[in-house]
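*Asks:* protein.cif is the file, holding mmCIF, C-alpha atoms:
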data_entry
#
loop_
_atom_site.label_atom_id
_atom_site.label_comp_id
_atom_site.auth_asym_id
_atom_site.auth_seq_id
_atom_site.Cartn_x
_atom_site.Cartn_y
_atom_site.Cartn_z
CA MET A 1383 32.12 -96.28 33.31
CA ALA A 1384 28.61 -97.60 33.89
CA ASP A 1385 28.21 -100.97 35.54
CA ALA A 1386 27.77 -103.89 33.17
CA PRO A 1387 24.20 -105.17 32.85
CA PRO A 1388 23.37 -108.29 34.85
CA ALA A 1389 24.10 -111.68 33.35
CA TYR A 1390 20.59 -112.95 32.72
CA LEU A 1391 20.66 -116.75 33.00
CA ASP A 1392 16.98 -117.47 33.58
CA HIS A 1393 15.74 -117.97 30.03
CA ALA A 1394 13.74 -121.05 31.00
CA ALA A 1395 11.56 -118.72 33.10
CA SER A 1396 11.16 -116.04 30.42
CA THR A 1397 13.10 -114.64 27.49
CA PRO A 1398 13.77 -111.08 26.35
CA LEU A 1399 11.32 -109.80 23.73
CA ARG A 1400 12.73 -110.29 20.24
CA PRO A 1401 13.00 -107.11 18.15
CA GLU A 1402 10.98 -108.80 15.41
CA ALA A 1403 8.13 -109.35 17.86
CA ARG A 1404 8.37 -105.82 19.24
CA ASP A 1405 8.27 -104.23 15.78
CA ALA A 1406 5.32 -106.36 14.67
CA MET A 1407 3.38 -105.58 17.85
CA VAL A 1408 4.01 -101.82 17.67
CA ASP A 1409 2.79 -101.83 14.08
CA VAL A 1410 -0.44 -103.58 15.13
CA LEU A 1411 -0.94 -101.26 18.10
CA ASP A 1412 -0.67 -98.28 15.78
CA ARG A 1413 -3.11 -99.47 13.12
CA SER A 1414 -5.38 -102.26 14.37
CA PHE A 1415 -7.71 -101.85 17.32
CA ALA A 1416 -10.90 -103.50 16.08
CA ASN A 1417 -12.44 -106.72 17.39
CA PRO A 1418 -11.57 -109.50 14.92
CA SER A 1419 -15.03 -111.05 15.39
CA GLY A 1420 -16.73 -108.06 13.82
CA ALA A 1421 -18.00 -107.74 10.26
CA HIS A 1422 -16.73 -104.32 9.11
CA ALA A 1423 -13.47 -103.56 7.32
CA ALA A 1424 -11.45 -102.75 10.45
CA ALA A 1425 -12.56 -106.01 12.08
CA ARG A 1426 -11.74 -107.97 8.93
CA ALA A 1427 -8.25 -106.45 8.92
CA ALA A 1428 -7.74 -107.59 12.51
CA ARG A 1429 -9.05 -111.05 11.60
CA GLN A 1430 -6.57 -111.21 8.73
CA LEU A 1431 -3.69 -110.54 11.14
CA VAL A 1432 -4.86 -113.41 13.34
CA ASP A 1433 -5.26 -115.73 10.35
CA GLU A 1434 -1.82 -114.89 8.97
CA SER A 1435 -0.29 -115.53 12.40
CA ARG A 1436 -2.14 -118.82 12.64
CA GLU A 1437 -0.61 -119.92 9.35
CA ILE A 1438 2.89 -119.05 10.58
CA VAL A 1439 2.42 -121.03 13.79
CA ALA A 1440 0.93 -123.99 11.94
CA GLU A 1441 3.87 -124.19 9.55
CA ALA A 1442 6.40 -123.96 12.39
CA VAL A 1443 4.86 -126.82 14.38
CA GLY A 1444 3.75 -129.07 11.52
CA ALA A 1445 -0.01 -128.51 11.80
CA ARG A 1446 -2.87 -127.18 9.71
CA PRO A 1447 -3.96 -123.60 10.46
CA GLY A 1448 -7.38 -124.76 11.64
CA GLU A 1449 -5.68 -126.94 14.27
CA VAL A 1450 -4.06 -123.97 16.04
CA VAL A 1451 -5.97 -122.61 19.04
CA PHE A 1452 -4.64 -119.36 20.53
CA THR A 1453 -4.64 -119.19 24.34
CA SER A 1454 -3.44 -116.89 27.12
CA GLY A 1455 -0.20 -118.88 27.47
CA GLY A 1456 1.28 -122.29 28.18
CA THR A 1457 -0.64 -122.87 31.39
CA GLU A 1458 -4.00 -122.41 29.70
CA ALA A 1459 -2.88 -124.52 26.73
CA ASP A 1460 -1.83 -127.36 29.06
CA ASN A 1461 -5.01 -127.09 31.11
CA LEU A 1462 -7.17 -127.07 27.99
CA ALA A 1463 -5.39 -130.17 26.66
CA VAL A 1464 -5.64 -132.23 29.85
CA THR A 1465 -8.97 -131.06 31.25
CA GLY A 1466 -10.56 -130.72 27.83
CA VAL A 1467 -9.76 -134.31 26.85
CA ALA A 1468 -10.62 -135.71 30.30
CA ALA A 1469 -14.03 -134.04 30.15
CA ALA A 1470 -14.72 -135.28 26.63
CA ARG A 1471 -13.93 -138.96 27.14
CA PRO A 1472 -13.83 -141.41 30.07
CA GLY A 1473 -10.66 -143.03 31.31
CA PRO A 1474 -7.53 -142.29 33.34
CA VAL A 1475 -4.98 -139.62 32.48
CA LEU A 1476 -1.27 -140.46 32.62
CA CYS A 1477 1.59 -137.96 32.69
CA SER A 1478 5.31 -138.18 33.41
CA ALA A 1479 6.45 -137.55 36.98
CA VAL A 1480 8.43 -134.48 35.87
CA GLU A 1481 5.67 -132.53 34.16
CA HIS A 1482 5.11 -128.82 34.71
CA PRO A 1483 2.38 -128.15 37.30
CA ALA A 1484 0.15 -126.89 34.48
CA VAL A 1485 -0.05 -130.52 33.35
CA ALA A 1486 0.49 -132.37 36.63
CA GLU A 1487 -2.26 -130.56 38.56
CA PRO A 1488 -5.04 -130.98 35.97
CA ALA A 1489 -3.98 -134.62 35.53
CA ARG A 1490 -4.23 -135.19 39.28
CA HIS A 1491 -7.67 -133.59 39.40
CA ALA A 1492 -8.73 -135.85 36.54
CA GLY A 1493 -7.73 -138.88 38.59
CA GLY A 1494 -4.47 -139.43 36.75
CA GLY A 1495 -1.23 -140.99 37.87
CA PRO A 1496 2.42 -140.10 37.29
CA VAL A 1497 4.69 -142.28 35.16
CA PRO A 1498 8.15 -142.73 36.78
CA VAL A 1499 11.33 -141.38 35.22
CA ASP A 1500 14.96 -142.49 35.38
CA ARG A 1501 17.85 -140.62 37.02
CA LEU A 1502 18.29 -138.50 33.87
CA GLY A 1503 14.65 -137.42 33.98
CA ARG A 1504 13.54 -139.56 31.01
CA VAL A 1505 10.20 -141.31 31.19
CA ASP A 1506 10.49 -145.00 32.15
CA LEU A 1507 9.11 -146.71 29.05
CA ASP A 1508 8.69 -150.09 30.77
CA ALA A 1509 6.65 -148.45 33.53
CA LEU A 1510 4.61 -146.56 30.94
CA GLU A 1511 3.82 -149.76 29.06
CA ALA A 1512 2.75 -151.47 32.27
CA MET A 1513 0.39 -148.57 33.05
CA LEU A 1514 -0.99 -148.69 29.53
CA GLU A 1515 -1.97 -152.36 29.68
CA PRO A 1516 -5.73 -152.45 29.18
CA ALA A 1517 -7.72 -153.30 32.30
CA ALA A 1518 -10.39 -155.93 31.80
CA GLY A 1519 -13.77 -154.26 31.62
CA GLY A 1520 -12.40 -150.82 32.50
CA PRO A 1521 -12.23 -147.69 30.38
CA GLY A 1522 -9.17 -147.21 28.24
CA VAL A 1523 -6.64 -144.49 28.97
CA ALA A 1524 -8.04 -141.13 27.92
CA LEU A 1525 -4.80 -139.14 27.64
CA VAL A 1526 -1.05 -139.54 27.97
CA SER A 1527 0.95 -136.33 28.47
CA VAL A 1528 4.74 -136.27 28.26
CA MET A 1529 6.62 -132.98 27.89
CA ALA A 1530 9.08 -132.51 25.03
CA ALA A 1531 11.77 -130.92 27.22
CA ASN A 1532 11.85 -130.40 30.96
CA ASN A 1533 11.65 -126.87 32.31
CA GLU A 1534 14.09 -127.44 35.20
CA VAL A 1535 16.87 -129.79 34.08
CA GLY A 1536 16.36 -129.66 30.31
CA THR A 1537 15.87 -133.38 29.67
CA VAL A 1538 14.51 -134.19 26.22
CA GLN A 1539 11.93 -136.95 26.35
CA PRO A 1540 11.82 -139.92 23.91
CA LEU A 1541 8.55 -138.80 22.35
CA ASP A 1542 8.76 -141.23 19.41
CA ALA A 1543 9.01 -144.19 21.80
CA VAL A 1544 6.19 -142.81 23.95
CA ALA A 1545 3.93 -142.41 20.92
CA GLU A 1546 4.75 -145.92 19.69
CA ALA A 1547 3.87 -147.47 23.04
CA VAL A 1548 0.61 -145.56 23.36
CA ARG A 1549 -0.53 -146.28 19.79
CA ARG A 1550 0.24 -149.98 20.25
CA LEU A 1551 -1.36 -150.49 23.66
CA GLN A 1552 -4.01 -147.74 23.85
CA PRO A 1553 -4.73 -146.68 20.26
CA ALA A 1554 -7.76 -144.62 21.26
CA ALA A 1555 -5.84 -142.53 23.81
CA ALA A 1556 -4.99 -138.92 23.02
CA LEU A 1557 -1.34 -137.85 23.17
CA HIS A 1558 -0.28 -134.43 24.50
CA THR A 1559 3.14 -132.86 24.79
CA ASP A 1560 4.00 -129.65 26.60
CA ALA A 1561 6.50 -128.20 24.11
CA VAL A 1562 6.83 -124.87 25.92
CA GLN A 1563 10.54 -125.35 26.69
CA ALA A 1564 11.32 -127.15 23.43
CA VAL A 1565 10.65 -124.47 20.84
CA PRO A 1566 13.99 -122.59 21.09
CA TRP A 1567 16.00 -125.82 20.78
CA LEU A 1568 14.05 -128.55 18.96
CA ASP A 1569 12.13 -128.82 15.70
CA VAL A 1570 8.70 -129.28 17.23
CA ALA A 1571 7.21 -130.17 13.86
CA VAL A 1572 9.42 -133.27 13.89
CA VAL A 1573 9.65 -134.28 17.56
CA ALA A 1574 5.91 -133.85 18.22
CA ALA A 1575 4.66 -135.17 14.88
CA GLY A 1576 2.94 -138.14 16.49
CA PHE A 1577 1.10 -136.12 19.14
CA ASP A 1578 -2.51 -134.97 18.99
CA LEU A 1579 -2.03 -131.93 21.23
CA VAL A 1580 0.98 -129.60 21.49
CA SER A 1581 1.30 -126.64 23.89
CA LEU A 1582 3.34 -123.47 23.22
CA SER A 1583 4.00 -120.23 25.14
CA ALA A 1584 5.29 -117.10 23.41
CA HIS A 1585 7.45 -115.67 26.19
CA LYS A 1586 9.70 -118.75 26.18
CA PHE A 1587 10.97 -117.93 22.69
CA GLY A 1588 11.12 -114.15 22.54
CA GLY A 1589 7.44 -113.34 22.29
CA PRO A 1590 5.23 -111.42 24.71
CA LYS A 1591 3.81 -112.80 27.94
CA GLY A 1592 0.12 -113.66 28.08
CA VAL A 1593 -0.25 -115.50 24.77
CA GLY A 1594 0.26 -119.11 23.73
CA ALA A 1595 -1.22 -121.79 21.54
CA LEU A 1596 -2.50 -125.34 21.62
CA VAL A 1597 -2.38 -127.53 18.54
CA VAL A 1598 -5.43 -129.80 18.39
CA ARG A 1599 -5.00 -132.22 15.52
CA GLY A 1600 -7.63 -133.91 13.44
CA GLY A 1601 -10.77 -132.67 15.13
CA LEU A 1602 -9.94 -134.38 18.43
CA PRO A 1603 -12.94 -134.02 20.80
CA LEU A 1604 -12.09 -131.33 23.34
CA THR A 1605 -14.39 -129.79 25.94
CA PRO A 1606 -13.62 -126.03 26.18
CA LEU A 1607 -12.59 -124.38 29.41
CA LEU A 1608 -13.98 -121.00 28.32
CA ARG A 1609 -17.44 -120.70 26.80
CA GLY A 1610 -19.12 -117.68 25.33
CA GLY A 1611 -18.51 -116.18 21.92
CA GLY A 1612 -17.36 -119.37 20.23
CA GLN A 1613 -14.01 -118.02 19.02
CA GLU A 1614 -11.22 -120.41 17.95
CA ARG A 1615 -13.81 -122.77 16.45
CA ALA A 1616 -15.62 -122.90 19.81
CA ARG A 1617 -12.56 -124.38 21.51
CA ARG A 1618 -11.56 -121.20 23.34
CA SER A 1619 -14.07 -118.35 23.63
CA GLY A 1620 -12.91 -114.78 24.17
CA THR A 1621 -11.80 -111.89 21.98
CA GLU A 1622 -8.47 -112.79 20.42
CA ASN A 1623 -5.38 -110.96 21.69
CA VAL A 1624 -4.43 -109.68 18.25
CA VAL A 1625 -1.28 -107.84 19.34
CA GLY A 1626 -0.01 -110.79 21.36
CA ILE A 1627 -0.82 -113.30 18.62
CA VAL A 1628 1.10 -111.26 16.05
CA GLY A 1629 4.04 -111.00 18.46
CA LEU A 1630 3.97 -114.75 19.06
CA ALA A 1631 4.06 -115.48 15.35
CA ALA A 1632 6.88 -113.01 14.67
CA ALA A 1633 8.99 -114.41 17.51
CA LEU A 1634 8.34 -118.00 16.45
CA SER A 1635 9.26 -117.29 12.84
CA ALA A 1636 12.56 -115.68 13.89
CA THR A 1637 13.30 -118.48 16.36
CA VAL A 1638 12.80 -121.20 13.75
CA ALA A 1639 14.97 -119.35 11.21
CA GLU A 1640 17.86 -118.95 13.67
CA ARG A 1641 17.42 -122.15 15.69
CA ALA A 1642 20.26 -124.23 14.25
CA ASP A 1643 22.87 -121.48 14.73
CA THR A 1644 21.54 -120.63 18.19
CA VAL A 1645 21.69 -124.25 19.34
CA ARG A 1646 25.31 -124.63 18.22
CA ARG A 1647 26.45 -121.43 19.91
CA VAL A 1648 24.51 -121.83 23.14
CA ALA A 1649 25.43 -125.51 23.54
CA ALA A 1650 29.11 -124.53 23.51
CA GLN A 1651 28.45 -121.80 26.08
CA ARG A 1652 26.48 -124.18 28.28
CA ASP A 1653 29.21 -126.82 28.14
CA ARG A 1654 31.85 -124.26 29.10
CA LEU A 1655 29.70 -123.07 31.99
CA ALA A 1656 28.84 -126.53 33.33
CA ASP A 1657 32.35 -127.94 32.95
CA GLY A 1658 33.84 -124.86 34.57
CA LEU A 1659 31.52 -125.01 37.58
CA VAL A 1660 32.15 -128.73 38.13
CA ALA A 1661 35.89 -128.07 38.06
CA ALA A 1662 35.79 -124.97 40.28
CA VAL A 1663 33.29 -125.87 43.02
CA PRO A 1664 33.92 -128.87 45.30
CA GLY A 1665 30.74 -130.80 45.97
CA LEU A 1666 28.95 -129.45 42.89
CA VAL A 1667 27.22 -132.12 40.79
CA GLU A 1668 25.64 -131.55 37.40
CA THR A 1669 22.08 -132.84 37.46
CA GLY A 1670 20.75 -135.49 35.13
CA VAL A 1671 23.77 -136.09 32.91
CA ALA A 1672 25.24 -139.34 31.68
CA ARG A 1673 28.98 -139.99 31.77
CA ARG A 1674 31.12 -140.81 28.76
CA ALA A 1675 33.86 -143.42 28.82
CA ASP A 1676 36.43 -140.65 29.35
CA GLY A 1677 34.54 -139.39 32.40
CA GLY A 1678 33.15 -136.29 30.71
CA ALA A 1679 29.50 -135.30 30.74
CA ASP A 1680 27.22 -136.58 28.01
CA ARG A 1681 24.55 -133.89 27.53
CA ARG A 1682 23.08 -135.06 24.24
CA HIS A 1683 19.71 -135.77 25.90
CA LYS A 1684 19.39 -132.19 27.20
CA VAL A 1685 18.41 -128.99 25.42
CA ALA A 1686 21.29 -126.68 24.63
CA GLY A 1687 20.35 -123.96 27.12
CA ALA A 1688 20.02 -126.12 30.24
CA CYS A 1689 22.69 -126.05 32.97
CA HIS A 1690 21.36 -127.46 36.24
CA VAL A 1691 23.55 -128.32 39.23
CA CYS A 1692 23.18 -129.29 42.90
CA ILE A 1693 25.71 -128.02 45.42
CA ASP A 1694 26.39 -129.93 48.61
CA GLY A 1695 25.83 -128.03 51.87
CA ILE A 1696 24.34 -124.95 50.19
CA GLU A 1697 20.84 -123.48 50.45
CA SER A 1698 19.50 -122.29 47.10
CA GLU A 1699 17.85 -119.16 48.50
CA SER A 1700 21.08 -117.87 50.05
CA LEU A 1701 23.05 -118.66 46.92
CA LEU A 1702 20.60 -116.84 44.65
CA PHE A 1703 20.76 -113.76 46.89
CA LEU A 1704 24.55 -113.60 46.58
CA LEU A 1705 24.45 -114.25 42.85
CA GLU A 1706 22.05 -111.36 42.36
CA GLU A 1707 24.42 -109.14 44.34
CA ALA A 1708 27.15 -110.22 41.92
CA GLY A 1709 25.00 -109.41 38.89
CA VAL A 1710 23.90 -112.93 37.94
CA HIS A 1711 20.17 -113.63 37.60
CA ALA A 1712 19.32 -117.33 37.98
CA SER A 1713 16.80 -119.56 39.74
CA ALA A 1714 16.54 -122.70 41.82
CA ALA A 1715 13.70 -124.47 40.03
CA SER A 1716 10.65 -123.72 37.94
CA ALA A 1717 9.72 -120.04 38.02
CA CYS A 1718 6.19 -121.17 38.89
CA ALA A 1719 7.61 -122.66 42.11
CA SER A 1720 9.86 -119.75 43.04
CA GLY A 1721 9.69 -118.89 46.71
CA ALA A 1722 8.81 -122.46 47.65
CA VAL A 1723 10.83 -123.92 50.50
CA GLU A 1724 10.26 -127.55 49.50
CA PRO A 1725 12.79 -129.09 47.08
CA SER A 1726 11.69 -129.61 43.51
CA PRO A 1727 9.32 -132.52 42.75
CA VAL A 1728 11.21 -132.95 39.48
CA LEU A 1729 14.45 -133.65 41.32
CA ALA A 1730 12.65 -135.96 43.74
CA ALA A 1731 11.22 -137.95 40.83
CA MET A 1732 14.75 -138.27 39.40
CA GLY A 1733 16.01 -139.71 42.67
CA VAL A 1734 18.08 -136.68 43.70
CA PRO A 1735 18.47 -136.81 47.51
CA ARG A 1736 16.60 -134.11 49.39
CA SER A 1737 19.85 -132.85 50.93
CA ALA A 1738 21.33 -132.29 47.47
CA ALA A 1739 18.13 -130.81 46.02
CA ARG A 1740 18.20 -128.05 48.65
CA GLY A 1741 21.27 -126.70 46.86
CA ALA A 1742 19.76 -126.73 43.36
CA LEU A 1743 20.78 -124.02 40.90
CA ARG A 1744 19.26 -123.60 37.45
CA LEU A 1745 21.29 -121.52 35.02
CA SER A 1746 19.35 -121.40 31.76
CA LEU A 1747 20.87 -119.83 28.67
CA GLY A 1748 19.12 -118.44 25.61
CA ALA A 1749 19.45 -116.72 22.26
CA THR A 1750 20.76 -113.48 23.82
CA THR A 1751 23.30 -115.12 26.16
CA THR A 1752 26.85 -113.82 25.65
CA ASP A 1753 30.26 -115.21 26.49
CA ALA A 1754 30.55 -112.40 29.03
CA ASP A 1755 27.45 -113.72 30.79
CA VAL A 1756 29.10 -117.13 31.09
CA ASP A 1757 32.34 -115.57 32.35
CA ARG A 1758 30.44 -113.66 35.00
CA ALA A 1759 28.66 -116.77 36.24
CA LEU A 1760 31.91 -118.73 36.30
CA ALA A 1761 33.36 -116.09 38.59
CA ALA A 1762 30.27 -115.44 40.71
CA VAL A 1763 29.10 -118.97 41.56
CA PRO A 1764 32.38 -120.28 43.07
CA ALA A 1765 32.85 -117.04 45.01
CA ALA A 1766 29.29 -117.17 46.40
CA VAL A 1767 29.60 -120.84 47.38
CA ASP A 1768 32.92 -120.19 49.10
CA ARG A 1769 31.44 -117.27 51.01
CA LEU A 1770 28.45 -119.31 52.17
CA ARG A 1771 30.63 -122.18 53.30
CA ARG A 1772 33.03 -119.95 55.21
CA PHE A 1773 30.27 -118.25 57.13
CA SER A 1774 27.88 -121.15 57.62
#
When written as structure tokens, how does the structure in this file appear?
*Replies:*
Amino acid sequence: MADAPPAYLDHAASTPLRPEARDAMVDVLDRSFANPSGAHAAARAARQLVDESREIVAEAVGARPGEVVFTSGGTEADNLAVTGVAAARPGPVLCSAVEHPAVAEPARHAGGGPVPVDRLGRVDLDALEAMLEPAAGGPGVALVSVMAANNEVGTVQPLDAVAEAVRRLQPAAALHTDAVQAVPWLDVAVVAAGFDLVSLSAHKFGGPKGVGALVVRGGLPLTPLLRGGGQERARRSGTENVVGIVGLAAALSATVAERADTVRRVAAQRDRLADGLVAAVPGLVETGVARRADGGADRRHKVAGACHVCIDGIESESLLFLLEEAGVHASAASACASGAVEPSPVLAAMGVPRSAARGALRLSLGATTTDADVDRALAAVPAAVDRLRRFS
């Protein structure tokens, strides 16, 4: 009997391609090769595919089609939002202390500062309000960026409260949310309704890598990163990736249609996984969870697919090696930081001690996760930890 396939528990890094996206992309590859900026019939057909995809994305995220800008992925969308606004208007840029580097780095280069978070990873609203207080004679805040859901621990941010504070204290400031991790789990059209800019990335919800989108509402002034042909209403020059855009739209449409059922199923799997690991592994602590009166974990503020733990006395790199040997694919932190020796800045911002952060393990579930995947992780993680402790 052939070996069972690995238990893939790294959906926060990337998700398997949805069959709907694959079928749509193959169809485009077979029949549409023209440049959508052209004037002849083949070019117009390619343009129609882009326009139809734009309408699908707009409906899914609560925007108008003309507000959707296609990009090469979430990193470009985040960079375009932060750098584009910072270049178009004066003033500081604020972002939460747990943002993805695609937001944090452009914000830092724009002279921005991080807004603290609490031990659950939620933005400190009192600190945000203090940073939003207008400075006498100084420029107002140009941009506030707070992600919808964290890519490491899965914390869902209070976007409504963030938007209320910004609109009250800095009404001219632009609001951006990195919704890359939110799409599989949250109705982005609702949670990001008050935000001017919203970033998406196809490969986080079953689409292809190398394509994403940025919603730019209401004609917000935005200086482009890429100049040239004037595509995407001069906000992002370059020939559109027609195949990728069609795949993004197909994956997003399927994700939205199945989201409610997926969230219910995966949340139960995640709870079984997290509760089982806490019970089976001494010194294992689930990261960023509140406690109920009965002592159980309250995970209502986390997306359904997020299971993040820290294990006392364990090095993440060694643990991940043994888990891969046992057929479990996981990670220690953001995939963009894989291979880094330093503990996660996200965990540091949440107040997780450095000693605990060195044993971080991110097990992220997704639409294709099975009960067998959970069973395999529940067997593999305790065995790997025990082996490391015995031979350390």
*Asks:* Between A:Thr1605, A:Ser1635, A:Thr1457, A:Thr1621, which one has atoms that come closest to Asn1417 (chain A), using only C-alpha atoms?
*Replies:*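 Nearest candidate to Asn1417 (chain A) out of A:Thr1605, A:Ser1635, A:Thr1457, A:Thr1621: A:Thr1621.
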*Asks:* Starting from the shown file, work through the PyMOL selection byres ((chain A and resi 1443-1456) around 7) and note down what comes out as a list in words.
*Replies:*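 The output of the PyMOL selection byres ((chain A and resi 1443-1456) around 7) on this file is Arg1436, Glu1437, Val1439, Ala1440, Glu1441, Ala1442, Thr1457, Glu1458, Ala1459, Asp1460, Val1562, Val1570, Ala1571, Ser1581, Leu1582, Ser1583, Gly1592, Val1593, Gly1594, Ala1595, Leu1596, Val1597, Val1598, Arg1599 and Glu1614 of chain A.
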*Asks:* Written as a list of chain:residue names, which residues does the PyMOL selection byres ((chain A and resi 1755) around 8) give for the file shown?
*Replies:*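 On this input, the PyMOL selection byres ((chain A and resi 1755) around 8) captures A:Pro1388, A:Ala1389, A:Tyr1390, A:Leu1391, A:Thr1751, A:Thr1752, A:Asp1753, A:Ala1754, A:Val1756, A:Asp1757, A:Arg1758, A:Ala1759.
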*Asks:* Could you please determine the separation between CA of Asp1560 (chain A) and CA of Ala1616 (chain A) in Å, to one decimal place?
*Replies:*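 That distance, rounded to one decimal, is 21.8 Å.
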*Asks:* Near Ala1468 (chain A), within 12 Å and counting all atoms listed in the file, which residues show up once chain neighbours fewer than 2 positions away are dropped, as a PDB file with C-alpha atoms, keeping the file's coordinate frame?
*Replies:*
ATOM      1  CA  ASN A1461      -5.010-127.090  31.110  1.00  0.00           C
ATOM      2  CA  LEU A1462      -7.170-127.070  27.990  1.00  0.00           C
ATOM      3  CA  ALA A1463      -5.390-130.170  26.660  1.00  0.00           C
ATOM      4  CA  VAL A1464      -5.640-132.230  29.850  1.00  0.00           C
ATOM      5  CA  THR A1465      -8.970-131.060  31.250  1.00  0.00           C
ATOM      6  CA  GLY A1466     -10.560-130.720  27.830  1.00  0.00           C
ATOM      7  CA  ALA A1470     -14.720-135.280  26.630  1.00  0.00           C
ATOM      8  CA  ARG A1471     -13.930-138.960  27.140  1.00  0.00           C
ATOM      9  CA  PRO A1472     -13.830-141.410  30.070  1.00  0.00           C
ATOM     10  CA  GLY A1473     -10.660-143.030  31.310  1.00  0.00           C
ATOM     11  CA  PRO A1474      -7.530-142.290  33.340  1.00  0.00           C
ATOM     12  CA  VAL A1475      -4.980-139.620  32.480  1.00  0.00           C
ATOM     13  CA  LEU A1476      -1.270-140.460  32.620  1.00  0.00           C
ATOM     14  CA  PRO A1488      -5.040-130.980  35.970  1.00  0.00           C
ATOM     15  CA  ALA A1489      -3.980-134.620  35.530  1.00  0.00           C
ATOM     16  CA  ARG A1490      -4.230-135.190  39.280  1.00  0.00           C
ATOM     17  CA  HIS A1491      -7.670-133.590  39.400  1.00  0.00           C
ATOM     18  CA  ALA A1492      -8.730-135.850  36.540  1.00  0.00           C
ATOM     19  CA  GLY A1493      -7.730-138.880  38.590  1.00  0.00           C
ATOM     20  CA  GLY A1494      -4.470-139.430  36.750  1.00  0.00           C
ATOM     21  CA  GLY A1522      -9.170-147.210  28.240  1.00  0.00           C
ATOM     22  CA  VAL A1523      -6.640-144.490  28.970  1.00  0.00           C
ATOM     23  CA  ALA A1524      -8.040-141.130  27.920  1.00  0.00           C
ATOM     24  CA  LEU A1525      -4.800-139.140  27.640  1.00  0.00           C
ATOM     25  CA  VAL A1526      -1.050-139.540  27.970  1.00  0.00           C
ATOM     26  CA  SER A1527       0.950-136.330  28.470  1.00  0.00           C
ATOM     27  CA  ALA A1555      -5.840-142.530  23.810  1.00  0.00           C
ATOM     28  CA  ALA A1556      -4.990-138.920  23.020  1.00  0.00           C
ATOM     29  CA  LEU A1557      -1.340-137.850  23.170  1.00  0.00           C
ATOM     30  CA  HIS A1558      -0.280-134.430  24.500  1.00  0.00           C
ATOM     31  CA  LEU A1602      -9.940-134.380  18.430  1.00  0.00           C
ATOM     32  CA  PRO A1603     -12.940-134.020  20.800  1.00  0.00           C
ATOM     33  CA  LEU A1604     -12.090-131.330  23.340  1.00  0.00           C
ATOM     34  CA  THR A1605     -14.390-129.790  25.940  1.00  0.00           C
ATOM     35  CA  PRO A1606     -13.620-126.030  26.180  1.00  0.00           C
ATOM     36  CA  LEU A1607     -12.590-124.380  29.410  1.00  0.00           C
TER      37      LEU A1607
END
*Asks:* Could you work out how far CA of Ile1438 (chain A) lies from CA of Trp1567 (chain A), giving the answer in Å with one decimal?
*Replies:*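 CA of Ile1438 (chain A) lies 17.9 Å from CA of Trp1567 (chain A).
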*Asks:* To test the calculation: enclose all listed atoms of region 1726-1731 of chain A in a box whose edges run along x, y and z, add 3 Å on each side, then state centre and edge lengths in Å to one decimal, as JSON.
*Replies:*
{"center_x": 11.9, "center_y": -133.8, "center_z": 41.6, "size_x": 11.1, "size_y": 14.3, "size_z": 10.3}
*Asks:* Go ahead and compute the interatomic distance for CA of Pro1566 (chain A) and CA of Ala1633 (chain A), in Å to one decimal.
*Replies:*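 Distance between the two atoms: 10.2 Å.
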*Asks:* Of the candidates A:Pro1553, A:Lys1684, A:Met1529, A:Gly1600, which shows the shortest atom-to-atom distance to Val1573 (chain A), using all atoms listed in the file?
*Replies:*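 Of A:Pro1553, A:Lys1684, A:Met1529, A:Gly1600, the one nearest Val1573 (chain A) is A:Met1529, counting all atoms listed in the file.
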*Asks:* List the residues selected by the PyMOL selection byres ((chain A and resi 1747) around 10) in the file shown, writing them as JSON, numbers by chain.
*Replies:* {"A": [1389, 1390, 1391, 1392, 1393, 1394, 1397, 1648, 1649, 1651, 1652, 1655, 1686, 1687, 1688, 1689, 1712, 1744, 1745, 1746, 1748, 1749, 1750, 1751, 1752, 1755, 1756]}
*Asks:* Of the residues A:Val1480, A:Ala1761, A:Val1538, A:Ala1543, which is the one nearest to Leu1510 (chain A), using only C-alpha atoms?
*Replies:*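 Closest candidate: A:Ala1543.
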*Asks:* Of the residues A:Ser1774, A:Ser1478, A:Gln1430, A:Ser1396, which is the one nearest to Glu1622 (chain A), using only C-alpha atoms?
*Replies:*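 Checking each of A:Ser1774, A:Ser1478, A:Gln1430, A:Ser1396 against Glu1622 (chain A), counting only C-alpha atoms, the winner is A:Gln1430.
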*Asks:* Please list as number ranges by chain every residue within 12 Å of region 1660-1669 of chain A, counting only C-alpha atoms and excluding residues in the same chain fewer than 6 positions away.
*Replies:* A: 1501-1503, 1534-1537, 1652-1654, 1678-1681, 1684, 1688-1696, 1728-1730, 1732-1735, 1738-1739, 1741-1745, 1759-1769, 1771
*Asks:* Find the residues around region 1403-1406 of chain A up to 7 Å (all atoms listed in the file counted), leave out those fewer than 2 positions away in its own chain, and share them as an NGL selection string.
*Replies:* :A and (1399-1401 or 1408-1410 or 1589 or 1628-1630 or 1632-1633)
*Asks:* Counting only C-alpha atoms, which residue out of A:Arg1674, A:Arg1682, A:Arg1740, A:Arg1647 sits closest to Glu1699 (chain A)?
*Replies:*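 Looking at the shortest contact to Glu1699 (chain A), the residue is A:Arg1740.
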